[in-house]
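Enquirer: One file is attached below, start-v5.txt, containing compact mmCIF, C-alpha atoms.
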# COMPACT_ATOMS: atom_id res chain seq x y z
CA MET A 134 0.76 -11.09 -5.53
CA VAL A 135 3.61 -13.16 -6.95
CA LEU A 136 5.03 -10.11 -8.72
CA ALA A 137 5.07 -8.08 -5.49
CA ARG A 138 6.59 -10.91 -3.43
CA THR A 139 9.28 -11.62 -6.03
CA PHE A 140 10.15 -7.96 -6.45
CA GLU A 141 10.38 -7.34 -2.72
CA ASP A 142 12.55 -10.43 -2.23
CA LYS A 143 14.89 -8.97 -4.83
CA ILE A 144 14.93 -5.56 -3.16
CA SER A 145 15.57 -7.20 0.23
CA ALA A 146 18.61 -9.00 -1.20
CA LEU A 147 19.93 -5.75 -2.66
CA TYR A 148 19.41 -3.99 0.68
CA ARG A 149 21.39 -6.65 2.51
CA SER A 150 24.21 -6.30 0.00
CA GLY A 151 24.34 -2.53 0.55
CA LYS A 152 22.86 -1.53 -2.81
CA VAL A 153 19.67 0.09 -1.49
CA VAL A 154 19.92 3.25 0.62
CA GLY A 155 17.33 3.83 3.36
CA GLY A 156 14.89 1.28 4.69
CA VAL A 157 13.16 -1.67 3.09
CA TYR A 158 9.73 -2.68 4.39
CA LEU A 159 8.16 -5.85 3.05
CA GLY A 160 4.48 -6.59 2.52
CA ARG A 161 5.05 -10.32 2.99
CA GLY A 162 1.82 -11.79 4.35
CA GLN A 163 -0.32 -8.79 3.36
CA GLU A 164 -0.36 -9.23 -0.42
CA ALA A 165 -3.88 -10.71 -0.62
CA PHE A 166 -5.41 -7.89 1.43
CA SER A 167 -3.55 -5.21 -0.52
CA VAL A 168 -4.03 -6.59 -4.03
CA ALA A 169 -7.74 -7.24 -3.50
CA LEU A 170 -8.21 -3.52 -2.95
CA GLY A 171 -5.82 -2.17 -5.59
CA MET A 172 -7.00 -4.38 -8.45
CA GLN A 173 -10.67 -3.46 -7.98
CA LEU A 174 -10.13 0.29 -8.10
CA ASP A 175 -10.39 2.08 -11.45
CA GLN A 176 -7.36 4.29 -12.03
CA SER A 177 -8.53 5.34 -15.50
CA GLY A 178 -11.92 6.29 -14.07
CA GLY A 179 -10.49 8.73 -11.55
CA ASP A 180 -10.08 6.55 -8.46
CA VAL A 181 -7.19 7.34 -6.10
CA PHE A 182 -5.14 4.99 -3.95
CA GLY A 183 -3.08 5.99 -0.93
CA GLY A 184 -1.01 2.94 -0.12
CA LEU A 185 1.67 2.53 2.54
CA ILE A 186 4.94 0.67 2.94
CA ARG A 187 3.41 -2.82 2.67
CA ASP A 188 1.22 -2.13 -0.36
CA GLN A 189 3.54 -3.09 -3.21
CA ALA A 190 0.96 -5.64 -4.38
CA GLY A 191 -1.91 -3.17 -4.27
CA LYS A 192 0.04 -0.44 -6.01
CA VAL A 193 1.09 -2.55 -8.99
CA ALA A 194 -2.44 -3.95 -9.20
CA PHE A 195 -3.80 -0.40 -9.27
CA GLY A 196 -1.44 0.55 -12.07
CA GLU A 197 1.91 1.64 -10.67
CA SER A 198 4.81 0.80 -12.96
CA LEU A 199 7.29 -1.68 -11.51
CA ASP A 200 9.94 0.55 -13.08
CA ASP A 201 8.80 3.38 -10.79
CA ALA A 202 9.26 1.18 -7.74
CA ALA A 203 12.68 -0.13 -8.78
CA ARG A 204 13.94 3.30 -9.82
CA THR A 205 12.93 4.83 -6.50
CA TYR A 206 14.63 2.14 -4.42
CA LEU A 207 17.78 2.35 -6.54
CA GLY A 208 17.99 6.14 -6.90
CA SER A 209 17.49 6.45 -10.66
CA VAL A 210 16.96 9.99 -11.93
CA LEU A 211 14.26 8.59 -14.23
CA GLY A 212 12.06 7.58 -11.31
CA PRO A 213 9.02 9.55 -10.15
CA MET A 214 11.04 11.13 -7.32
CA ARG A 215 14.02 11.75 -9.63
CA GLY A 216 16.40 9.74 -7.48
CA ARG A 217 15.95 11.92 -4.41
CA ASP A 218 14.21 9.48 -2.10
CA GLY A 219 15.90 6.09 -2.34
CA ASN A 220 13.09 4.57 -0.34
CA ILE A 221 9.34 4.06 -0.59
CA HIS A 222 7.91 7.61 -0.58
CA ARG A 223 7.08 7.57 -4.25
CA GLY A 224 3.98 8.57 -6.13
CA ARG A 225 2.33 10.17 -9.15
CA PRO A 226 -0.57 12.26 -7.76
CA LYS A 227 -1.90 13.18 -11.20
CA GLU A 228 -2.35 9.46 -11.84
CA GLY A 229 -4.18 8.88 -8.56
CA LEU A 230 -1.15 7.69 -6.60
CA PRO A 231 -0.09 10.23 -3.96
CA ALA A 232 3.30 9.63 -2.37
CA MET A 233 3.00 7.92 0.99
CA ILE A 234 3.70 9.81 4.21
CA SER A 235 5.70 8.24 7.02
CA HIS A 236 3.61 10.03 9.65
CA LEU A 237 1.02 7.31 10.07
CA GLY A 238 -2.61 8.25 9.57
CA SER A 239 -1.73 11.37 7.60
CA LEU A 240 -2.73 9.90 4.25
CA VAL A 241 -6.38 9.78 5.30
CA PRO A 242 -6.87 13.58 5.17
CA VAL A 243 -4.75 13.73 2.00
CA ILE A 244 -7.08 11.31 0.21
CA ASN A 245 -10.05 13.21 1.67
CA GLY A 246 -8.69 16.37 0.09
CA MET A 247 -8.28 14.70 -3.29
CA LEU A 248 -11.87 13.44 -3.14
CA ILE A 249 -13.27 16.81 -2.07
CA ALA A 250 -11.32 18.48 -4.90
CA LYS A 251 -12.94 16.12 -7.40
CA ARG A 252 -16.32 16.94 -5.90
CA PHE A 253 -15.66 20.68 -6.29
CA GLN A 254 -14.74 20.02 -9.92
CA GLY A 255 -18.17 18.51 -10.50
CA LYS A 256 -16.87 14.99 -10.98
CA SER A 257 -18.68 11.88 -9.75
CA GLY A 258 -18.41 8.10 -9.70
CA PHE A 259 -14.91 8.05 -8.19
CA VAL A 260 -13.61 6.26 -5.10
CA GLY A 261 -10.62 6.90 -2.87
CA ALA A 262 -8.82 4.19 -0.93
CA VAL A 263 -6.35 4.56 1.89
CA THR A 264 -4.49 1.93 3.89
CA SER A 265 -3.31 1.78 7.47
CA GLY A 266 -1.81 -0.67 9.89
CA ASP A 267 -3.37 -1.31 13.27
CA GLY A 268 -0.88 1.08 14.86
CA GLY A 269 -1.80 3.90 12.51
CA THR A 270 -5.39 3.83 13.71
CA SER A 271 -4.25 5.20 17.07
CA THR A 272 -3.02 8.49 15.61
CA GLY A 273 -4.91 11.76 15.72
CA ALA A 274 -4.61 12.25 11.97
CA PHE A 275 -6.37 8.94 11.37
CA HIS A 276 -9.27 9.72 13.73
CA GLU A 277 -9.73 13.25 12.42
CA GLY A 278 -9.51 12.10 8.81
CA VAL A 279 -12.04 9.28 9.19
CA ASN A 280 -14.40 11.56 11.11
CA GLN A 281 -14.15 14.19 8.36
CA ALA A 282 -14.77 11.57 5.68
CA ALA A 283 -17.85 10.37 7.55
CA VAL A 284 -19.28 13.87 8.03
CA GLU A 285 -18.66 14.71 4.37
CA ASN A 286 -19.99 11.31 3.23
CA LEU A 287 -16.91 10.82 1.09
CA PRO A 288 -16.55 7.75 -1.17
CA LEU A 289 -13.61 6.46 0.86
CA VAL A 290 -12.52 2.86 1.51
CA ILE A 291 -10.27 2.54 4.56
CA ALA A 292 -8.27 -0.69 4.56
CA ILE A 293 -6.72 -1.57 7.93
CA ALA A 294 -4.18 -4.38 7.94
CA ASP A 295 -4.42 -5.62 11.52
CA ASN A 296 -1.07 -7.37 11.48
CA GLN A 297 -0.99 -7.74 15.28
CA PHE A 298 2.02 -5.50 15.92
CA ALA A 299 2.66 -1.76 15.62
CA TYR A 300 6.37 -2.21 15.07
CA SER A 301 6.93 -4.33 18.22
CA THR A 302 3.86 -3.26 20.23
CA ALA A 303 1.21 -6.00 20.36
CA THR A 304 -2.40 -5.07 19.71
CA ASP A 305 -3.45 -5.76 23.31
CA ARG A 306 -1.27 -2.78 24.26
CA GLN A 307 -2.74 -0.59 21.51
CA PHE A 308 -6.52 -0.79 21.86
CA LYS A 309 -9.15 -2.29 24.14
CA CYS A 310 -11.95 -3.08 21.70
CA ASP A 311 -12.30 -6.68 20.52
CA ASP A 312 -11.97 -5.75 16.85
CA LEU A 313 -10.88 -2.54 15.12
CA ALA A 314 -13.94 -2.87 12.88
CA ASP A 315 -16.02 -2.08 15.97
CA ARG A 316 -14.79 1.50 15.73
CA ALA A 317 -16.67 2.01 12.46
CA LYS A 318 -19.94 2.32 14.34
CA GLY A 319 -18.55 5.19 16.37
CA TYR A 320 -17.70 7.06 13.18
CA GLY A 321 -21.13 6.29 11.75
CA ILE A 322 -19.73 4.28 8.85
CA GLU A 323 -19.86 0.69 7.59
CA GLY A 324 -17.32 -1.77 9.06
CA TYR A 325 -16.14 -5.21 7.96
CA SER A 326 -13.81 -7.69 9.68
CA ILE A 327 -12.28 -10.35 7.44
CA ASP A 328 -9.57 -12.99 7.15
CA GLY A 329 -6.78 -11.03 5.47
CA THR A 330 -4.99 -14.25 4.49
CA ASP A 331 -7.92 -15.44 2.33
CA LEU A 332 -7.75 -13.89 -1.13
CA ASP A 333 -11.35 -14.78 -2.04
CA GLU A 334 -12.75 -13.21 1.12
CA CYS A 335 -10.64 -10.10 0.58
CA LEU A 336 -11.77 -9.78 -3.04
CA GLU A 337 -15.45 -10.16 -2.22
CA THR A 338 -15.40 -7.77 0.74
CA PHE A 339 -13.53 -5.03 -1.10
CA ARG A 340 -15.86 -5.48 -4.09
CA ILE A 341 -18.81 -4.76 -1.83
CA ALA A 342 -17.10 -1.88 -0.01
CA ILE A 343 -15.94 -0.17 -3.21
CA ASP A 344 -19.38 -0.52 -4.79
CA ARG A 345 -21.12 0.96 -1.75
CA ALA A 346 -18.67 3.86 -1.51
CA ARG A 347 -18.97 4.58 -5.24
CA ASN A 348 -22.76 4.66 -5.05
CA GLY A 349 -23.18 7.11 -2.18
CA GLY A 350 -22.81 4.81 0.82
CA GLY A 351 -20.07 6.91 2.41
CA PRO A 352 -16.84 5.64 3.96
CA GLN A 353 -16.30 1.91 4.33
CA MET A 354 -13.81 0.48 6.84
CA VAL A 355 -12.36 -2.97 6.10
CA VAL A 356 -10.18 -4.64 8.74
CA GLY A 357 -8.09 -7.60 7.61
CA LYS A 358 -6.79 -9.97 10.28
CA LEU A 359 -3.32 -11.28 9.37
CA LEU A 360 0.29 -11.38 10.53
CA ARG A 361 3.22 -9.45 9.16
CA LEU A 362 5.54 -12.26 8.00
CA ALA A 363 8.66 -10.15 8.34
CA GLY A 364 10.11 -7.60 10.70
CA HIS A 365 8.88 -4.03 10.75
CA GLY A 366 11.66 -3.46 8.23
CA GLU A 367 14.58 -5.50 7.00
CA HIS A 368 16.62 -4.03 9.84
CA ASP A 369 14.30 -5.77 12.35
CA ASP A 370 14.44 -9.51 13.09
CA ALA A 371 10.90 -9.59 14.61
CA SER A 372 12.15 -11.60 17.59
CA TYR A 373 9.28 -10.14 19.63
CA VAL A 374 6.69 -12.14 17.63
CA PRO A 375 5.82 -15.31 19.60
CA ASP A 376 5.85 -18.67 17.86
CA LYS A 377 2.17 -19.07 18.77
CA ALA A 378 1.23 -16.10 16.58
CA ARG A 379 3.07 -17.61 13.63
CA SER A 380 1.29 -20.96 14.00
CA GLU A 381 -2.25 -19.61 14.34
CA LYS A 382 -4.74 -18.85 11.55
CA TRP A 383 -3.67 -15.26 11.01
CA GLY A 384 -0.08 -16.41 10.63
CA ARG A 385 -0.78 -18.21 7.35
CA ASP A 386 1.05 -17.10 4.22
CA CYS A 387 -1.69 -15.69 1.97
CA LEU A 388 0.33 -16.51 -1.15
CA LYS A 389 0.60 -20.16 -0.16
CA VAL A 390 -3.10 -20.31 0.75
CA ALA A 391 -4.11 -18.84 -2.63
CA ARG A 392 -1.76 -21.11 -4.53
CA GLU A 393 -3.10 -24.25 -2.86
CA LYS A 394 -6.68 -23.21 -3.61
CA ILE A 395 -5.87 -22.46 -7.26
CA VAL A 396 -4.43 -25.95 -7.72
CA ALA A 397 -7.16 -27.69 -5.69
CA GLU A 398 -9.90 -26.04 -7.75
CA SER A 399 -8.10 -26.78 -11.04
CA ILE A 400 -7.85 -23.10 -11.96
CA GLN A 401 -4.19 -23.67 -12.82
CA THR A 402 -1.83 -26.60 -12.42
CA GLU A 403 1.27 -26.55 -10.25
CA ALA A 404 3.35 -26.68 -13.43
CA GLU A 405 1.59 -23.58 -14.77
CA LEU A 406 2.23 -21.76 -11.50
CA VAL A 407 5.91 -22.69 -11.63
CA SER A 408 6.05 -21.32 -15.18
CA LEU A 409 4.43 -18.11 -13.90
CA ASP A 410 7.04 -17.88 -11.14
CA GLU A 411 9.83 -18.14 -13.71
CA GLU A 412 8.24 -15.55 -16.00
CA ILE A 413 7.81 -13.08 -13.15
CA GLN A 414 11.35 -13.66 -11.88
CA GLN A 415 12.63 -12.71 -15.32
CA ILE A 416 10.50 -9.53 -15.38
CA VAL A 417 11.78 -8.54 -11.94
CA ASP A 418 15.43 -9.24 -12.80
CA GLU A 419 15.20 -7.22 -16.01
CA THR A 420 13.41 -4.31 -14.30
CA VAL A 421 15.94 -4.10 -11.49
CA ALA A 422 18.91 -4.42 -13.85
CA ARG A 423 17.51 -1.58 -15.96
CA ALA A 424 17.18 0.69 -12.91
CA GLN A 425 20.67 -0.19 -11.71
CA ASN A 426 22.14 0.92 -15.02
CA GLU A 427 20.40 4.31 -15.04
CA ASP A 428 22.02 7.53 -13.87
CA ALA A 429 21.67 8.98 -10.40
CA PRO A 430 20.84 12.70 -10.02
CA ASN A 431 23.66 15.01 -11.09
CA PRO A 432 24.34 17.46 -8.23
CA MET A 433 25.89 19.94 -10.67
CA SER A 434 22.79 20.27 -12.84
CA GLU A 435 19.83 19.46 -10.60
CA THR A 436 17.62 22.20 -9.17
CA TRP A 437 17.10 21.07 -5.59
CA GLN A 438 14.47 23.48 -4.27
CA ALA A 439 11.41 21.92 -2.72
CA ILE A 440 7.98 22.73 -4.13
CA SER A 441 7.18 24.80 -1.05
CA THR A 442 10.03 27.26 -1.60
CA THR A 443 9.87 30.55 -3.49
CA HIS A 444 10.18 28.97 -6.91
CA LEU A 445 7.06 26.90 -6.53
CA ILE A 446 7.86 24.32 -9.19
CA GLU A 447 11.36 23.32 -10.16
CA GLY A 448 12.43 24.83 -13.46
CA HIS A 449 9.60 27.36 -13.48
CA LEU A 450 10.61 30.72 -12.04
CA GLU A 451 8.02 33.07 -10.62
CA ASN A 452 6.98 35.89 -12.92
CA GLY A 453 8.90 39.06 -12.11
Could you render the structure as structure tokens?

Expert:
Amino acid sequence: MVLARTFEDKISALYRSGKVVGGVYLGRGQEAFSVALGMQLDQSGGDVFGGLIRDQAGKVAFGESLDDAARTYLGSVLGPMRGRDGNIHRGRPKEGLPAMISHLGSLVPVINGMLIAKRFQGKSGFVGAVTSGDGGTSTGAFHEGVNQAAVENLPLVIAIADNQFAYSTATDRQFKCDDLADRAKGYGIEGYSIDGTDLDECLETFRIAIDRARNGGGPQMVVGKLLRLAGHGEHDDASYVPDKARSEKWGRDCLKVAREKIVAESIQTEAELVSLDEEIQQIVDETVARAQNEDAPNPMSETWQAISTTHLIEGHLENG
């Protein structure tokens, strides 16, 4: 959680100084919910994780290299997208990390497809996880994907960060049900509603959901109540968020809550946490500096065709 927060603070500063092209979208306030899912998946065992723009914590916990994240933001040719994205649409599908899709809800059927492919290959014991915001649950792709996962009894964990705003649209203008977890019953799947600012509650709930999905229980929908502690992106000042929302329970900073509990329960001292902060800051600074010093794509030597064009994979011409 600290690594993700520190890294994103660094990227935000670079964006504001004009050194990051495209948008920057912070997961501030959602780290506990995201990391509790990512860290309990098993990348080496074949699990897959479809995270979105606020899942930096979950992605690094799952196994994404911080170098991959920094290189993508800063346009390094050594990054997973070879410097072509300059944003957050990065991934390594062969390693269980498909690139995110900006069309919200669309990652659900993508993860479904990856799980069905594993099933066709005769594999077992794997889990897929996909994240969404509250706004994404209103899309057709989300509904169709969850319905398909339910019918196929796929081992899918759906994590919904109910951060109270779809960009600037409040939840009371998005859906009528009291809780998004209520929708799970309509799909015929298990639903959970939790405090997304409480790391312990997030860890325990995702542990249960992942275990049930892995052992044949079908899709599991986990809704975390929290508040996005930043604008939709760094271009947005979030002036539409009322002060009342910031002062209520869901407006707590999950990192601060976890830190206070760690000290109160004598898991670590405040001095040890400060030392951790300093160590992580050094890792982030070194990672970003490394990416900044790497080359951008060379337009004179790069092959720019997309995978969907006639030469299906760059550098590999079709026979004949």

Enquirer: Between atom CA of Glu323 of chain A and atom CA of Gln353 of chain A, what is the distance, to one decimal in Å?

Expert: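 Atom CA of Gln353 of chain A lies at a distance of 5.0 Å from atom CA of Glu323 of chain A.
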
Enquirer: Between A:Ala391, A:Leu174, A:Ala165, A:Val284, single out the one closest to Ile327 of chain A, counting all atoms listed in the file.

Expert: A:Ala165

Enquirer: Name the residues in contact with Val154 of chain A at a cut-off of 8 Å, using all atoms listed in the file, excluding same-chain residues fewer than 6 positions from it; report them as a list in words.

Expert: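 Residues near the query, excluding close chain neighbours: Tyr148, Tyr206, Leu207, Gly219 and Asn220 of chain A.
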
Enquirer: Okay, now the selection with C-alpha atoms, as a PDB file, in the frame of the given file?

Expert:
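Below you can see part.pdb, which holds the result:
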ATOM      1  CA  TYR A 148      19.410  -3.990   0.680  1.00  0.00           C
ATOM      2  CA  TYR A 206      14.630   2.140  -4.420  1.00  0.00           C
ATOM      3  CA  LEU A 207      17.780   2.350  -6.540  1.00  0.00           C
ATOM      4  CA  GLY A 219      15.900   6.090  -2.340  1.00  0.00           C
ATOM      5  CA  ASN A 220      13.090   4.570  -0.340  1.00  0.00           C
TER       6      ASN A 220
END

Enquirer: Looking at all atoms listed in the file, which of A:His368, A:Lys318, A:Arg215, A:Lys256 is the one that sits closest to Tyr158 of chain A?

Expert: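 Of the candidates, the smallest distance to Tyr158 of chain A is held by A:His368.
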
Enquirer: Would you list the contacts of Asn286 of chain A as number ranges by chain, taking every protein, DNA or RNA residue within 10 Å and counting only C-alpha atoms, but skipping same-chain residues closer than 2 positions in sequence?

Expert: A: 280-284, 288-289, 321-322, 346, 349-352

Enquirer: Which polymer residues have any atom within 9 Å of an atom of segment 224-229 of chain A, counting only C-alpha atoms, with same-chain residues fewer than 3 positions away left out, as number ranges by chain?

Expert: A: 176-177, 179-183, 196-197, 201, 213-214, 221, 232-233, 247, 261

Enquirer: By how many Å are atom CA of Gly246 of chain A and atom CA of Gly278 of chain A apart?

Expert: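 Separation between atom CA of Gly246 of chain A and atom CA of Gly278 of chain A: 9.7 Å.
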
Enquirer: With distances taken over only C-alpha atoms, which residue among A:Thr436, A:Ile400, A:Gly212, A:Thr205 lies nearest Ile144 of chain A?

Expert: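 Of A:Thr436, A:Ile400, A:Gly212, A:Thr205, the one nearest Ile144 of chain A is A:Thr205, counting only C-alpha atoms.
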
Enquirer: For a quick check of understanding, using all atoms listed in the file, which of A:Asp305, A:Glu411, A:Glu141, A:Asp344 has the smallest distance to Asp188 of chain A?

Expert: A:Glu141

Enquirer: Between atom CA of Ala317 of chain A and atom CA of Ile343 of chain A, what is the distance, to one decimal in Å?

Expert: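 Separating atom CA of Ala317 of chain A from atom CA of Ile343 of chain A is a distance of 15.8 Å.
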
Enquirer: Measuring atom to atom with all atoms listed in the file, identify which of A:Leu406, A:Ile234, A:Ala202, A:Val279 is nearest to Thr420 of chain A.

Expert: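 For Thr420 of chain A, the nearest of the given residues is A:Ala202.
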
Enquirer: Choose the residue, out of A:Gln307, A:Gln425, A:Ser372, A:Gln163, that has the smallest atom-to-atom separation from Gly208 of chain A; count only C-alpha atoms.

Expert: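 The answer is A:Gln425, which sits nearest to Gly208 of chain A.
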
Enquirer: Residues at most 6 Å from segment 354-364 of chain A, counting only C-alpha atoms, excluding those fewer than 5 positions away in the same chain, as number ranges by chain?

Expert: A: 161-162, 290-296, 314, 324-330, 369-371, 383-384
